[in-house]
Amino acid sequence: MAPPPAPAAAAPAPLAAAAPCPCDLGAAGRRYADCCGRYHGAGCGQAPDAASLMRSRYSAFVLGRREELLATWHHDTRPAALEPDPPGLRWLGLSVKAARSTGPDAAEVEFIARSKLGGRAHRLHERSRFLRVDGRWLYLDGVDPASGLPAGGA
Ligand SMILES: [Zn+2]
């Protein structure tokens, strides 16, 4: 007897234009098409400021749009490839705490992203650095604001 075939990995479902944006989850009534959807696909990386790029990158994580994540990553720190999220990971929400300009083409955005995996809640608190290169905002890197250590290593 052959074992039953493994279920195919579910591809991220395309989001309806009227769906609430993942960066907002309907709290402010923002639709994906009017929010982060504007910066995905052909417009990726064209977010007008670092906070908008931060939101659109969070939405790209939620939607599994790894091409947008890589396309908006500064070449100095961009990984060669991104691992898929662990199966069962659910993103629960994004809260942008602060955004400030740190130079003519530099900015910092502090945020909390919440997720759940295997029944355990996880909270990512990060202060990200962004640089504007040739008019496009790019993610550089991030630290845990409490420890000052690189974020995401917990
Ligand atoms: Zn959004």
# chains A, B, ... in the order shown; residues from 1 in each chain; ligands from 1
$ residues_around --residues "Gly148 (chain A)" --least-positions-apart "3" --cutoff "12 Å" --atoms "only C-alpha atoms" --output "list in words"
His125, Glu126, Arg127, Ser128, Asp141, Gly142, Val143, Asp144, Pro145, Ala151, Gly152 and Gly153 of chain A
$ write_last_selection --atoms "C-alpha atoms" --output "short mmCIF file (atom, residue, chain, number, x, y, z; two decimals), in the first residue's frame"
data_model
loop_
_atom_site.label_atom_id
_atom_site.label_comp_id
_atom_site.auth_asym_id
_atom_site.auth_seq_id
_atom_site.Cartn_x
_atom_site.Cartn_y
_atom_site.Cartn_z
CA HIS A 125 8.80 44.45 18.33
CA GLU A 126 11.23 46.04 15.91
CA ARG A 127 12.68 49.39 15.01
CA SER A 128 13.44 49.16 11.30
CA ASP A 141 17.65 46.30 8.87
CA GLY A 142 15.99 46.31 12.27
CA VAL A 143 16.74 46.04 15.96
CA ASP A 144 14.73 45.14 19.03
CA PRO A 145 14.14 48.59 20.60
CA ALA A 151 15.45 41.91 15.52
CA GLY A 152 13.88 38.59 14.66
CA GLY A 153 16.55 36.47 16.28
#
$ residues_near_ligand --ligand "ligand 1" --cutoff "8 Å" --atoms "only C-alpha atoms and all ligand atoms" --output "NGL selection string"
:A and (21-24 or 30-32 or 34-37 or 52 or 55-56 or 59)
$ write_last_selection --atoms "C-alpha atoms" --output "PDB file, in the first residue's frame"
ATOM      1  CA  CYS A  21      -5.895  45.313   4.053  1.00  0.00           C
ATOM      2  CA  PRO A  22      -3.801  42.888   6.143  1.00  0.00           C
ATOM      3  CA  CYS A  23      -1.899  45.830   7.684  1.00  0.00           C
ATOM      4  CA  ASP A  24      -5.135  47.099   9.140  1.00  0.00           C
ATOM      5  CA  ARG A  30      -8.831  50.380   4.620  1.00  0.00           C
ATOM      6  CA  ARG A  31      -9.257  48.134   1.587  1.00  0.00           C
ATOM      7  CA  TYR A  32      -6.248  46.207   0.298  1.00  0.00           C
ATOM      8  CA  ASP A  34      -6.499  51.238  -1.736  1.00  0.00           C
ATOM      9  CA  CYS A  35      -3.726  50.504   0.759  1.00  0.00           C
ATOM     10  CA  CYS A  36      -0.781  48.125   0.455  1.00  0.00           C
ATOM     11  CA  GLY A  37      -2.152  46.668  -2.784  1.00  0.00           C
ATOM     12  CA  SER A  52       3.877  53.048   4.080  1.00  0.00           C
ATOM     13  CA  ARG A  55       2.940  48.425   6.112  1.00  0.00           C
ATOM     14  CA  SER A  56       3.189  47.091   2.586  1.00  0.00           C
ATOM     15  CA  SER A  59       1.088  42.811   4.116  1.00  0.00           C
TER      16      SER A  59
END
$ atom_distance --atom1 "CA of Glu108 (chain A)" --atom2 "CA of His40 (chain A)"
21.2 Å
$ closest_residue --among "A:Gly29, A:Pro84, A:Pro150, A:Pro48" --to "Leu138 (chain A)" --atoms "only C-alpha atoms"
A:Pro48
$ residues_around --residues "Leu70 (chain A)" --least-positions-apart "2" --cutoff "12 Å" --atoms "only C-alpha atoms" --output "list in words"
His40, Cys44, Gly45, Arg57, Ala60, Phe61, Gly64, Arg65, Arg66, Glu67, Glu68, Thr72, Trp73, His74, His75, Asp76, Thr77, Arg78, Pro79, Ala80, Ala81, Leu82, Glu83, Leu138, Tyr139 and Leu140 of chain A
$ residues_around --residues "region 93-100 of chain A" --least-positions-apart "6" --cutoff "6 Å" --atoms "only C-alpha atoms" --output "list in words"
Cys23, Ala107, Glu108, Val109, Glu110, Phe111, Ile112, Ala113 and Arg114 of chain A
$ write_last_selection --atoms "N, CA and C atoms" --output "CSV table (one decimal), in the first residue's frame"
chain,number,residue,atom,x,y,z
A,23,CYS,N,-2.6,45.0,6.7
A,23,CYS,CA,-1.9,45.8,7.7
A,23,CYS,C,-2.9,46.5,8.6
A,107,ALA,N,15.1,56.9,7.3
A,107,ALA,CA,13.9,56.9,8.3
A,107,ALA,C,14.0,55.7,9.1
A,108,GLU,N,13.3,55.8,10.3
A,108,GLU,CA,13.1,54.7,11.2
A,108,GLU,C,11.6,54.5,11.5
A,109,VAL,N,11.2,53.2,11.5
A,109,VAL,CA,9.8,52.9,11.8
A,109,VAL,C,9.8,51.9,12.9
A,110,GLU,N,9.1,52.2,14.0
A,110,GLU,CA,9.0,51.2,15.1
A,110,GLU,C,7.6,50.6,15.1
A,111,PHE,N,7.5,49.3,15.2
A,111,PHE,CA,6.3,48.6,15.0
A,111,PHE,C,6.2,47.4,15.9
A,112,ILE,N,5.0,46.9,16.1
A,112,ILE,CA,4.8,45.6,16.7
A,112,ILE,C,3.9,44.7,15.8
A,113,ALA,N,4.4,43.6,15.4
A,113,ALA,CA,3.7,42.6,14.6
A,113,ALA,C,3.4,41.4,15.4
A,114,ARG,N,2.1,41.0,15.4
A,114,ARG,CA,1.7,39.9,16.2
A,114,ARG,C,1.4,38.7,15.3
$ select_by_dssp --residues "chain A" --states "strand (DSSP E)" --output "VMD selection string"
chain A and resid 90 to 103 106 to 117 120 to 133 136 to 143
$ write_last_selection --atoms "N, CA and C atoms" --output "compact mmCIF listing (two decimals), in the first residue's frame"
# COMPACT_ATOMS: atom_id res chain seq x y z
N ARG A 90 0.01 32.25 11.67
CA ARG A 90 -1.04 33.23 11.36
C ARG A 90 -0.58 34.59 11.82
N TRP A 91 -0.62 35.55 10.93
CA TRP A 91 -0.32 36.93 11.30
C TRP A 91 -1.60 37.56 11.83
N LEU A 92 -1.48 38.23 12.97
CA LEU A 92 -2.69 38.74 13.64
C LEU A 92 -2.85 40.24 13.53
N GLY A 93 -1.78 40.95 13.28
CA GLY A 93 -1.97 42.38 13.18
C GLY A 93 -0.66 43.16 13.27
N LEU A 94 -0.75 44.38 12.82
CA LEU A 94 0.41 45.27 12.81
C LEU A 94 0.03 46.56 13.50
N SER A 95 0.95 47.03 14.33
CA SER A 95 0.74 48.31 14.97
C SER A 95 2.00 49.15 14.77
N VAL A 96 1.88 50.24 14.02
CA VAL A 96 3.02 51.13 13.81
C VAL A 96 3.05 52.11 14.97
N LYS A 97 4.14 52.06 15.74
CA LYS A 97 4.24 52.86 16.96
C LYS A 97 4.82 54.24 16.71
N ALA A 98 5.78 54.31 15.82
CA ALA A 98 6.43 55.59 15.57
C ALA A 98 7.15 55.53 14.24
N ALA A 99 7.20 56.67 13.59
CA ALA A 99 7.96 56.77 12.35
C ALA A 99 8.64 58.12 12.37
N ARG A 100 9.94 58.14 12.09
CA ARG A 100 10.62 59.43 12.10
C ARG A 100 11.70 59.45 11.03
N SER A 101 11.90 60.64 10.51
CA SER A 101 12.95 60.85 9.54
C SER A 101 14.27 60.97 10.29
N THR A 102 15.31 60.31 9.80
CA THR A 102 16.62 60.40 10.43
C THR A 102 17.64 61.02 9.47
N GLY A 103 17.16 61.53 8.36
CA GLY A 103 18.04 62.17 7.39
C GLY A 103 17.24 62.42 6.14
N ALA A 106 16.66 58.88 4.88
CA ALA A 106 16.73 57.82 5.88
C ALA A 106 15.58 57.99 6.86
N ALA A 107 15.06 56.88 7.35
CA ALA A 107 13.95 56.93 8.28
C ALA A 107 13.96 55.68 9.15
N GLU A 108 13.28 55.80 10.30
CA GLU A 108 13.11 54.66 11.19
C GLU A 108 11.62 54.49 11.46
N VAL A 109 11.19 53.24 11.53
CA VAL A 109 9.79 52.93 11.84
C VAL A 109 9.80 51.87 12.93
N GLU A 110 9.11 52.19 14.03
CA GLU A 110 8.98 51.22 15.12
C GLU A 110 7.60 50.60 15.06
N PHE A 111 7.54 49.28 15.16
CA PHE A 111 6.25 48.61 15.01
C PHE A 111 6.21 47.35 15.89
N ILE A 112 5.00 46.88 16.08
CA ILE A 112 4.78 45.58 16.72
C ILE A 112 3.93 44.75 15.77
N ALA A 113 4.43 43.57 15.41
CA ALA A 113 3.68 42.64 14.56
C ALA A 113 3.38 41.41 15.41
N ARG A 114 2.12 41.03 15.43
CA ARG A 114 1.72 39.89 16.24
C ARG A 114 1.37 38.70 15.35
N SER A 115 1.77 37.53 15.80
CA SER A 115 1.46 36.32 15.04
C SER A 115 1.21 35.19 16.03
N LYS A 116 0.72 34.09 15.49
CA LYS A 116 0.43 32.94 16.32
C LYS A 116 0.88 31.70 15.58
N LEU A 117 1.55 30.81 16.29
CA LEU A 117 2.03 29.57 15.67
C LEU A 117 1.84 28.44 16.68
N ARG A 120 0.70 29.35 20.13
CA ARG A 120 1.51 30.28 20.93
C ARG A 120 1.57 31.64 20.23
N ALA A 121 1.28 32.67 20.99
CA ALA A 121 1.32 34.02 20.45
C ALA A 121 2.76 34.50 20.42
N HIS A 122 3.09 35.24 19.38
CA HIS A 122 4.43 35.80 19.26
C HIS A 122 4.29 37.28 18.92
N ARG A 123 5.17 38.05 19.52
CA ARG A 123 5.11 39.49 19.32
C ARG A 123 6.48 39.94 18.85
N LEU A 124 6.53 40.48 17.66
CA LEU A 124 7.79 41.01 17.13
C LEU A 124 7.77 42.53 17.29
N HIS A 125 8.67 43.02 18.12
CA HIS A 125 8.80 44.45 18.33
C HIS A 125 10.11 44.86 17.68
N GLU A 126 10.03 45.71 16.69
CA GLU A 126 11.23 46.04 15.91
C GLU A 126 11.26 47.52 15.58
N ARG A 127 12.47 48.05 15.57
CA ARG A 127 12.68 49.39 15.01
C ARG A 127 13.49 49.18 13.73
N SER A 128 12.83 49.42 12.61
CA SER A 128 13.44 49.16 11.30
C SER A 128 14.07 50.43 10.76
N ARG A 129 15.14 50.24 10.03
CA ARG A 129 15.78 51.36 9.33
C ARG A 129 15.49 51.24 7.83
N PHE A 130 15.18 52.37 7.25
CA PHE A 130 14.88 52.43 5.81
C PHE A 130 15.75 53.49 5.16
N LEU A 131 16.14 53.22 3.93
CA LEU A 131 16.90 54.19 3.15
C LEU A 131 16.19 54.42 1.82
N ARG A 132 16.26 55.65 1.35
CA ARG A 132 15.70 55.96 0.03
C ARG A 132 16.84 56.00 -0.99
N VAL A 133 16.73 55.14 -1.97
CA VAL A 133 17.77 55.02 -3.01
C VAL A 133 17.09 55.25 -4.35
N ARG A 136 13.35 55.43 -4.27
CA ARG A 136 12.56 54.30 -3.75
C ARG A 136 12.99 53.99 -2.33
N TRP A 137 12.00 53.84 -1.43
CA TRP A 137 12.31 53.44 -0.06
C TRP A 137 12.63 51.96 -0.02
N LEU A 138 13.67 51.61 0.75
CA LEU A 138 14.11 50.22 0.89
C LEU A 138 14.33 49.91 2.36
N TYR A 139 14.03 48.68 2.73
CA TYR A 139 14.28 48.21 4.09
C TYR A 139 15.77 47.90 4.24
N LEU A 140 16.38 48.41 5.32
CA LEU A 140 17.79 48.12 5.54
C LEU A 140 17.96 47.02 6.59
N ASP A 141 17.54 47.31 7.82
CA ASP A 141 17.65 46.30 8.87
C ASP A 141 16.81 46.76 10.06
N GLY A 142 16.80 45.96 11.11
CA GLY A 142 15.99 46.31 12.27
C GLY A 142 16.60 45.79 13.54
N VAL A 143 16.27 46.48 14.64
CA VAL A 143 16.74 46.04 15.96
C VAL A 143 15.52 45.96 16.89
$ atom_distance --atom1 "CA of Leu63 (chain A)" --atom2 "CA of Ala146 (chain A)"
28.3 Å
$ select_by_dssp --residues "chain A" --states "alpha helix (DSSP H)" --output "list in words"
Ala50, Ala51, Ser52, Leu53, Met54, Arg55, Ser56, Arg57, Tyr58, Ser59, Ala60, Phe61, Val62, Leu63, Arg66, Glu67, Glu68, Leu69, Leu70 and Ala71 of chain A
$ write_last_selection --atoms "C-alpha atoms" --output "PDB file, in the first residue's frame"
ATOM      1  CA  ALA A  50       9.025  54.532   5.063  1.00  0.00           C
ATOM      2  CA  ALA A  51       5.916  53.903   7.182  1.00  0.00           C
ATOM      3  CA  SER A  52       3.877  53.048   4.080  1.00  0.00           C
ATOM      4  CA  LEU A  53       6.616  50.709   2.931  1.00  0.00           C
ATOM      5  CA  MET A  54       6.673  49.134   6.385  1.00  0.00           C
ATOM      6  CA  ARG A  55       2.940  48.425   6.112  1.00  0.00           C
ATOM      7  CA  SER A  56       3.189  47.091   2.586  1.00  0.00           C
ATOM      8  CA  ARG A  57       6.033  44.769   3.621  1.00  0.00           C
ATOM      9  CA  TYR A  58       3.970  43.467   6.519  1.00  0.00           C
ATOM     10  CA  SER A  59       1.088  42.811   4.116  1.00  0.00           C
ATOM     11  CA  ALA A  60       3.526  41.092   1.750  1.00  0.00           C
ATOM     12  CA  PHE A  61       4.551  38.805   4.631  1.00  0.00           C
ATOM     13  CA  VAL A  62       0.906  38.033   5.400  1.00  0.00           C
ATOM     14  CA  LEU A  63       0.126  37.310   1.759  1.00  0.00           C
ATOM     15  CA  ARG A  66       8.159  37.151  -1.130  1.00  0.00           C
ATOM     16  CA  GLU A  67       9.066  38.890  -4.386  1.00  0.00           C
ATOM     17  CA  GLU A  68       7.901  42.227  -2.911  1.00  0.00           C
ATOM     18  CA  LEU A  69       9.896  41.617   0.247  1.00  0.00           C
ATOM     19  CA  LEU A  70      13.088  40.985  -1.693  1.00  0.00           C
ATOM     20  CA  ALA A  71      12.415  43.840  -4.116  1.00  0.00           C
TER      21      ALA A  71
END
